[in-house]
Amino acid sequence: MAMFRKKKEIPLGLWMKCPGCGKMAFTKAVEDNLNVCPDCGHHNKVTARTRVAQLLDEGTFEALGEDLVPRDVLRFVDEGSYASKIEKAAAKAAAGKAASEGALAGRGRLGGRALNVCVMDFAYMGGSMGVVVGERFARAAEDALERRVPFLTVATSGGARMHEGALSLMQMAKTSAVVARLRDERVPYLTLLADPCTGGVSASFAAQGDITLAEPGALIGFAGPRVIQSTIKTRLPEGFQRAEFLLEHGYIDRIVPRARLREELGALLDFLQRPPQPASTPVPASRPAAKPAAKGRKRASGA
């Protein structure tokens with residue numbers, strides 16, 4: 001009688017398919033590579049907590065505004081109630097699959113350098129910006145202003161959280177106002193745009209950094225390309241709204257792969273925080289020696 005071996009079950013999550021090249025890869029290998037595909041370099045989305053762990057020195061992060069939670073003040077309902085969506089998002093956060101809101105803000109250190117951060121989390125309702133996100137951003141920025149330490153934002157979002165109506169749109173003005181204060185006080189403000197960065201976030205604090213970085217292949221813009229194309233009835237250029245296209249056209253300053261991000265940010269922080277150099281005293285230009293007066297000059301006639 002033939003003997004048959006029992007087929008072994010493959011544990012869920014052991015393999016993953018790369019959204020960029022479509023190849024299968026060990027999930028652990030991708031995670032060890034900072035969630036970047038080892039074959040094609042596609043930068044996968046990461047949660048805010050993972051991003052903080054990748055950027056900041058271990059054990060240095062101190063959250064700000066974690067006590068703030070969203071409220072359904074408008075009793076908003078579309079396909080479901082906003083209140084029920086908040087509950088689902090909170091359960092996802094409790095399971096460690098997202099931050100406690102659309103942004104995680106706080107203090108930390110990068111290579112020993114003091115740094116305040118506000119890291120958005122696309123896993124929490126698409127990283128949408130509501131009242132809590134705006135307030136967490138503002139608190140982290142004001143703390144940076146008070147302590148005079150640089151402020152970094154990692155922006156990845158679908159835009160304003162329309163479940164909160166005009167209150168969500170007000171966060172664009174609120175965050176822009178505190179960024180203006182940073183600029184007036186000459187406190188460095190850096191932005192890193194990750195895939196995707198769209199809507200009201202891209203039209204406010206994400207676009208106002210002293211230096212704007214982006215991850216490779218990130219989708220960056222206000223409205224999506226399909227919406228723009230259907231509105232203007234014109235075929236868009238290849239790669240429109242991707243980081244590489246925007247770098248070529250001057251919208252961002254540099255594209256930085258995730259593996260080099262800590263090094264690049266450290267160099268930028270050192271540059272932006274250099275003490276002012278004393279102005280050198282200008283050396284006066286040498287003047288030609290005056291010619292001696294001629295001796296025995298004849299007096300003018302009629303003198």
# chains A, B, ... in the order shown; residues from 1 in each chain; ligands from 1
>>> residues_around(residues="Gly127 of chain A", least_positions_apart="3", cutoff="7 Å", atoms="only C-alpha atoms", output="list in words")
Gly102, Ala103, Met120, Asp121, Phe122, Ala123, Tyr124, Thr156, Ser157 and Gly158 of chain A
>>> write_last_selection(atoms="C-alpha atoms", output="compact mmCIF listing (two decimals), in the first residue's frame")
# COMPACT_ATOMS: atom_id res chain seq x y z
CA GLY A 102 -3.00 59.25 12.25
CA ALA A 103 0.25 60.68 13.59
CA MET A 120 2.18 60.00 10.15
CA ASP A 121 0.70 56.51 9.97
CA PHE A 122 -1.13 55.51 6.79
CA ALA A 123 -2.34 52.36 8.56
CA TYR A 124 -4.60 54.52 10.76
CA THR A 156 2.24 60.00 4.40
CA SER A 157 -1.47 60.68 4.15
CA GLY A 158 -4.58 60.58 2.05
>>> select_by_dssp(residues="segment 212-268 of chain A", states="alpha helix (DSSP H)", output="VMD selection string")
chain A and resid 225 to 232 243 to 248 261 to 268
>>> closest_atom_pairs(of="segment 88-191 of chain A", to="segment 53-68 of chain A", cutoff="10 Å", atoms="only C-alpha atoms", output="Markdown table")
| residue | atom | partner | partner_atom | distance |
| --- | --- | --- | --- | --- |
| A:Ala99 | CA | A:Glu66 | CA | 9.7 |
| A:Ser100 | CA | A:Glu66 | CA | 7.4 |
| A:Glu101 | CA | A:Glu66 | CA | 8.6 |
| A:Ala103 | CA | A:Glu66 | CA | 9.8 |
| A:Leu104 | CA | A:Ala63 | CA | 7.2 |
| A:Ala105 | CA | A:Leu64 | CA | 5.5 |
| A:Gly106 | CA | A:Ala63 | CA | 4.1 |
| A:Arg107 | CA | A:Glu62 | CA | 5.1 |
| A:Gly108 | CA | A:Phe61 | CA | 4.3 |
| A:Arg109 | CA | A:Leu56 | CA | 5.6 |
| A:Leu110 | CA | A:Leu56 | CA | 4.8 |
| A:Gly111 | CA | A:Asp57 | CA | 6.3 |
| A:Gly112 | CA | A:Asp57 | CA | 7.3 |
| A:Arg113 | CA | A:Asp57 | CA | 9.3 |
| A:Ala114 | CA | A:Thr60 | CA | 9.5 |
| A:Leu115 | CA | A:Leu56 | CA | 8.6 |
| A:Asn116 | CA | A:Phe61 | CA | 9.0 |
| A:Val117 | CA | A:Phe61 | CA | 9.2 |
| A:Cys118 | CA | A:Leu64 | CA | 9.4 |
| A:Val131 | CA | A:Leu68 | CA | 9.4 |
| A:Val132 | CA | A:Leu68 | CA | 6.2 |
| A:Val133 | CA | A:Leu68 | CA | 9.1 |
| A:Glu135 | CA | A:Gly65 | CA | 7.7 |
| A:Arg136 | CA | A:Gly65 | CA | 5.4 |
| A:Phe137 | CA | A:Gly65 | CA | 8.9 |
| A:Ala138 | CA | A:Gly65 | CA | 9.6 |
| A:Arg139 | CA | A:Leu64 | CA | 7.0 |
| A:Ala140 | CA | A:Leu64 | CA | 6.6 |
| A:Asp143 | CA | A:Leu64 | CA | 9.2 |
>>> write_last_selection(atoms="N, CA and C atoms", output="short mmCIF file (atom, residue, chain, number, x, y, z; two decimals), in the first residue's frame")
data_model
loop_
_atom_site.label_atom_id
_atom_site.label_comp_id
_atom_site.auth_asym_id
_atom_site.auth_seq_id
_atom_site.Cartn_x
_atom_site.Cartn_y
_atom_site.Cartn_z
N ALA A 99 -0.55 53.25 14.73
CA ALA A 99 -0.39 54.15 15.86
C ALA A 99 -1.76 54.40 16.47
N SER A 100 -1.79 55.13 17.59
CA SER A 100 -3.06 55.39 18.28
C SER A 100 -3.88 56.46 17.57
N GLU A 101 -3.32 57.12 16.57
CA GLU A 101 -4.01 58.07 15.71
C GLU A 101 -3.25 58.18 14.40
N ALA A 103 -1.12 60.20 13.46
CA ALA A 103 0.25 60.68 13.59
C ALA A 103 0.78 60.35 14.97
N LEU A 104 2.07 60.06 15.03
CA LEU A 104 2.76 59.79 16.28
C LEU A 104 3.81 60.89 16.45
N ALA A 105 3.70 61.67 17.53
CA ALA A 105 4.57 62.82 17.71
C ALA A 105 5.34 62.71 19.02
N GLY A 106 6.52 63.30 19.06
CA GLY A 106 7.27 63.27 20.30
C GLY A 106 8.71 63.72 20.15
N ARG A 107 9.48 63.47 21.21
CA ARG A 107 10.90 63.82 21.26
C ARG A 107 11.74 62.56 21.06
N GLY A 108 12.98 62.76 20.65
CA GLY A 108 13.90 61.63 20.54
C GLY A 108 15.29 62.11 20.20
N ARG A 109 16.12 61.17 19.81
CA ARG A 109 17.48 61.50 19.40
C ARG A 109 17.85 60.70 18.16
N LEU A 110 18.62 61.33 17.29
CA LEU A 110 19.11 60.67 16.09
C LEU A 110 20.63 60.79 16.09
N GLY A 111 21.29 59.67 16.32
CA GLY A 111 22.75 59.70 16.42
C GLY A 111 23.23 60.61 17.54
N GLY A 112 22.44 60.65 18.62
CA GLY A 112 22.80 61.50 19.76
C GLY A 112 22.31 62.92 19.65
N ARG A 113 21.78 63.32 18.50
CA ARG A 113 21.29 64.68 18.30
C ARG A 113 19.83 64.78 18.73
N ALA A 114 19.49 65.81 19.49
CA ALA A 114 18.10 66.01 19.90
C ALA A 114 17.24 66.32 18.67
N LEU A 115 16.07 65.70 18.61
CA LEU A 115 15.19 65.86 17.46
C LEU A 115 13.75 65.60 17.86
N ASN A 116 12.85 66.51 17.49
CA ASN A 116 11.41 66.28 17.64
C ASN A 116 10.85 65.76 16.32
N VAL A 117 9.87 64.87 16.41
CA VAL A 117 9.32 64.26 15.20
C VAL A 117 7.80 64.22 15.25
N CYS A 118 7.20 64.23 14.06
CA CYS A 118 5.79 63.92 13.91
C CYS A 118 5.70 62.97 12.72
N VAL A 131 -8.46 66.63 13.85
CA VAL A 131 -8.12 67.53 14.95
C VAL A 131 -6.95 66.98 15.78
N VAL A 132 -6.97 65.68 16.07
CA VAL A 132 -5.91 65.10 16.91
C VAL A 132 -4.56 65.15 16.20
N VAL A 133 -4.54 64.84 14.92
CA VAL A 133 -3.28 64.89 14.17
C VAL A 133 -2.73 66.31 14.17
N GLU A 135 -3.26 68.67 16.35
CA GLU A 135 -2.83 69.05 17.69
C GLU A 135 -1.52 68.37 18.06
N ARG A 136 -1.36 67.10 17.71
CA ARG A 136 -0.11 66.41 18.00
C ARG A 136 1.05 67.06 17.25
N PHE A 137 0.82 67.41 16.00
CA PHE A 137 1.84 68.10 15.23
C PHE A 137 2.21 69.41 15.90
N ALA A 138 1.19 70.18 16.29
CA ALA A 138 1.43 71.49 16.90
C ALA A 138 2.20 71.36 18.22
N ARG A 139 1.85 70.38 19.02
CA ARG A 139 2.54 70.21 20.31
C ARG A 139 4.01 69.86 20.11
N ALA A 140 4.28 68.96 19.16
CA ALA A 140 5.67 68.59 18.90
C ALA A 140 6.46 69.77 18.35
N ASP A 143 7.04 72.32 21.18
CA ASP A 143 8.07 71.81 22.07
C ASP A 143 9.46 72.01 21.44
#
>>> closest_residue(among="A:Val69, A:Leu268, A:Met16, A:Leu246", to="Ile86 of chain A", atoms="only C-alpha atoms")
A:Val69
>>> closest_residue(among="A:Lys88, A:His43, A:His163, A:Arg181", to="Glu142 of chain A", atoms="only C-alpha atoms")
A:Arg181
>>> residues_around(residues="Pro237 of chain A", least_positions_apart="5", cutoff="12 Å", atoms="only C-alpha atoms", output="number ranges by chain")
A: 225, 228-229, 242, 245-246
>>> select_by_dssp(residues="segment 33-175 of chain A", states="strand (DSSP E)", output="PyMOL selection string")
chain A and resi 62-64+103-110+113-120+151-157
>>> write_last_selection(atoms="C-alpha atoms", output="compact mmCIF listing (two decimals), in the first residue's frame")
# COMPACT_ATOMS: atom_id res chain seq x y z
CA GLU A 62 9.10 60.15 24.28
CA ALA A 63 5.58 60.57 22.88
CA LEU A 64 3.66 63.84 23.06
CA ALA A 103 0.25 60.68 13.59
CA LEU A 104 2.76 59.79 16.28
CA ALA A 105 4.57 62.82 17.71
CA GLY A 106 7.27 63.27 20.30
CA ARG A 107 10.90 63.82 21.26
CA GLY A 108 13.90 61.63 20.54
CA ARG A 109 17.48 61.50 19.40
CA LEU A 110 19.11 60.67 16.09
CA ARG A 113 21.29 64.68 18.30
CA ALA A 114 18.10 66.01 19.90
CA LEU A 115 15.19 65.86 17.46
CA ASN A 116 11.41 66.28 17.64
CA VAL A 117 9.32 64.26 15.20
CA CYS A 118 5.79 63.92 13.91
CA VAL A 119 5.43 60.66 11.98
CA MET A 120 2.18 60.00 10.15
CA PHE A 151 11.73 69.25 13.96
CA LEU A 152 11.19 66.45 11.43
CA THR A 153 7.90 65.46 9.85
CA VAL A 154 7.40 62.17 7.99
CA ALA A 155 4.31 62.81 5.89
CA THR A 156 2.24 60.00 4.40
CA SER A 157 -1.47 60.68 4.15
>>> residues_around(residues="Ala218 of chain A", least_positions_apart="3", cutoff="7 Å", atoms="only C-alpha atoms", output="ChimeraX atom specification")
/A:194-196,214-215,242-243
>>> write_last_selection(atoms="C-alpha atoms", output="PDB file, in the first residue's frame")
ATOM      1  CA  ALA A 194       6.642  58.954   1.904  1.00  0.00           C
ATOM      2  CA  ASP A 195       4.220  57.084  -0.343  1.00  0.00           C
ATOM      3  CA  PRO A 196       1.558  58.417  -0.597  1.00  0.00           C
ATOM      4  CA  ALA A 214      11.336  62.025  -0.347  1.00  0.00           C
ATOM      5  CA  GLU A 215      11.572  58.255  -0.519  1.00  0.00           C
ATOM      6  CA  ARG A 242       6.289  60.525  -8.444  1.00  0.00           C
ATOM      7  CA  ALA A 243       9.263  61.643  -6.373  1.00  0.00           C
TER       8      ALA A 243
END
>>> closest_residue(among="A:Gly130, A:Gly250, A:Pro188, A:Gly80", to="Ala160 of chain A", atoms="only C-alpha atoms")
A:Gly130
>>> closest_residue(among="A:Val30, A:Ala144, A:Ala267, A:Ala173", to="Lys45 of chain A", atoms="only C-alpha atoms")
A:Val30
>>> closest_residue(among="A:Val149, A:Glu31, A:Ala25, A:Leu74", to="Asp270 of chain A", atoms="only C-alpha atoms")
A:Val149
>>> residues_around(residues="Leu145 of chain A", least_positions_apart="4", cutoff="7 Å", atoms="only C-alpha atoms", output="count of residues only")
4
>>> atom_distance(atom1="atom CA of Gly41 of chain A", atom2="atom CA of Gly20 of chain A")
8.2 Å
>>> residues_around(residues="Val73 of chain A", least_positions_apart="2", cutoff="10 Å", atoms="only C-alpha atoms", output="VMD selection string")
chain A and resid 70 to 71 75 to 76 82 to 83 163 to 165 167
>>> decode(residues="segment 142-210 of chain A", atoms="C-alpha atoms", output="PDB file, in the first residue's frame")
ATOM      1  CA  GLU A 142       5.922  74.061  19.892  1.00  0.00           C
ATOM      2  CA  ASP A 143       8.074  71.815  22.071  1.00  0.00           C
ATOM      3  CA  ALA A 144      10.819  72.000  19.439  1.00  0.00           C
ATOM      4  CA  LEU A 145      10.421  75.767  19.367  1.00  0.00           C
ATOM      5  CA  GLU A 146      10.682  76.034  23.157  1.00  0.00           C
ATOM      6  CA  ARG A 147      13.751  73.774  23.373  1.00  0.00           C
ATOM      7  CA  ARG A 148      15.187  75.069  20.071  1.00  0.00           C
ATOM      8  CA  VAL A 149      15.762  71.625  18.608  1.00  0.00           C
ATOM      9  CA  PRO A 150      15.133  70.611  14.958  1.00  0.00           C
ATOM     10  CA  PHE A 151      11.729  69.253  13.963  1.00  0.00           C
ATOM     11  CA  LEU A 152      11.188  66.455  11.428  1.00  0.00           C
ATOM     12  CA  THR A 153       7.896  65.458   9.851  1.00  0.00           C
ATOM     13  CA  VAL A 154       7.400  62.168   7.993  1.00  0.00           C
ATOM     14  CA  ALA A 155       4.306  62.808   5.891  1.00  0.00           C
ATOM     15  CA  THR A 156       2.236  59.997   4.400  1.00  0.00           C
ATOM     16  CA  SER A 157      -1.469  60.680   4.147  1.00  0.00           C
ATOM     17  CA  GLY A 158      -4.582  60.579   2.049  1.00  0.00           C
ATOM     18  CA  GLY A 159      -5.384  64.163   3.081  1.00  0.00           C
ATOM     19  CA  ALA A 160      -7.801  65.840   5.450  1.00  0.00           C
ATOM     20  CA  ARG A 161     -10.183  63.647   7.450  1.00  0.00           C
ATOM     21  CA  MET A 162     -13.507  64.723   6.018  1.00  0.00           C
ATOM     22  CA  HIS A 163     -15.428  62.853   8.740  1.00  0.00           C
ATOM     23  CA  GLU A 164     -14.593  65.921  10.854  1.00  0.00           C
ATOM     24  CA  GLY A 165     -15.747  68.427   8.254  1.00  0.00           C
ATOM     25  CA  ALA A 166     -14.396  71.979   8.473  1.00  0.00           C
ATOM     26  CA  LEU A 167     -12.567  71.074  11.679  1.00  0.00           C
ATOM     27  CA  SER A 168     -10.205  68.900   9.650  1.00  0.00           C
ATOM     28  CA  LEU A 169      -9.591  71.664   7.095  1.00  0.00           C
ATOM     29  CA  MET A 170      -8.726  74.080   9.906  1.00  0.00           C
ATOM     30  CA  GLN A 171      -5.717  71.900  10.712  1.00  0.00           C
ATOM     31  CA  MET A 172      -4.073  73.061   7.481  1.00  0.00           C
ATOM     32  CA  ALA A 173      -4.004  76.631   8.797  1.00  0.00           C
ATOM     33  CA  LYS A 174      -3.071  75.533  12.314  1.00  0.00           C
ATOM     34  CA  THR A 175      -0.069  73.458  11.267  1.00  0.00           C
ATOM     35  CA  SER A 176       1.068  76.084   8.746  1.00  0.00           C
ATOM     36  CA  ALA A 177       0.963  78.768  11.437  1.00  0.00           C
ATOM     37  CA  VAL A 178       3.238  76.843  13.803  1.00  0.00           C
ATOM     38  CA  VAL A 179       5.639  76.091  10.920  1.00  0.00           C
ATOM     39  CA  ALA A 180       5.810  79.839  10.266  1.00  0.00           C
ATOM     40  CA  ARG A 181       6.812  80.362  13.904  1.00  0.00           C
ATOM     41  CA  LEU A 182       9.610  77.815  13.526  1.00  0.00           C
ATOM     42  CA  ARG A 183      10.841  79.669  10.468  1.00  0.00           C
ATOM     43  CA  ASP A 184      10.704  83.061  12.206  1.00  0.00           C
ATOM     44  CA  GLU A 185      12.741  81.690  15.120  1.00  0.00           C
ATOM     45  CA  ARG A 186      15.171  79.930  12.750  1.00  0.00           C
ATOM     46  CA  VAL A 187      14.488  76.487  14.204  1.00  0.00           C
ATOM     47  CA  PRO A 188      15.243  73.878  11.500  1.00  0.00           C
ATOM     48  CA  TYR A 189      12.188  72.131  10.040  1.00  0.00           C
ATOM     49  CA  LEU A 190      12.673  69.127   7.743  1.00  0.00           C
ATOM     50  CA  THR A 191      10.083  67.065   5.896  1.00  0.00           C
ATOM     51  CA  LEU A 192      10.273  63.543   4.523  1.00  0.00           C
ATOM     52  CA  LEU A 193       7.540  62.654   2.028  1.00  0.00           C
ATOM     53  CA  ALA A 194       6.642  58.954   1.904  1.00  0.00           C
ATOM     54  CA  ASP A 195       4.220  57.084  -0.343  1.00  0.00           C
ATOM     55  CA  PRO A 196       1.558  58.417  -0.597  1.00  0.00           C
ATOM     56  CA  CYS A 197       1.501  62.069   0.450  1.00  0.00           C
ATOM     57  CA  THR A 198      -1.604  63.767  -0.903  1.00  0.00           C
ATOM     58  CA  GLY A 199      -4.497  66.109  -0.158  1.00  0.00           C
ATOM     59  CA  GLY A 200      -4.513  68.705   2.585  1.00  0.00           C
ATOM     60  CA  VAL A 201      -1.322  67.369   4.150  1.00  0.00           C
ATOM     61  CA  SER A 202       0.683  67.863   0.951  1.00  0.00           C
ATOM     62  CA  ALA A 203      -0.888  71.336   0.623  1.00  0.00           C
ATOM     63  CA  SER A 204       0.119  72.456   4.118  1.00  0.00           C
ATOM     64  CA  PHE A 205       2.940  71.474   6.487  1.00  0.00           C
ATOM     65  CA  ALA A 206       4.372  68.729   4.250  1.00  0.00           C
ATOM     66  CA  ALA A 207       5.307  71.290   1.590  1.00  0.00           C
ATOM     67  CA  GLN A 208       6.874  73.879   3.890  1.00  0.00           C
ATOM     68  CA  GLY A 209      10.099  72.275   5.062  1.00  0.00           C
ATOM     69  CA  ASP A 210      13.403  74.129   5.016  1.00  0.00           C
TER      70      ASP A 210
END
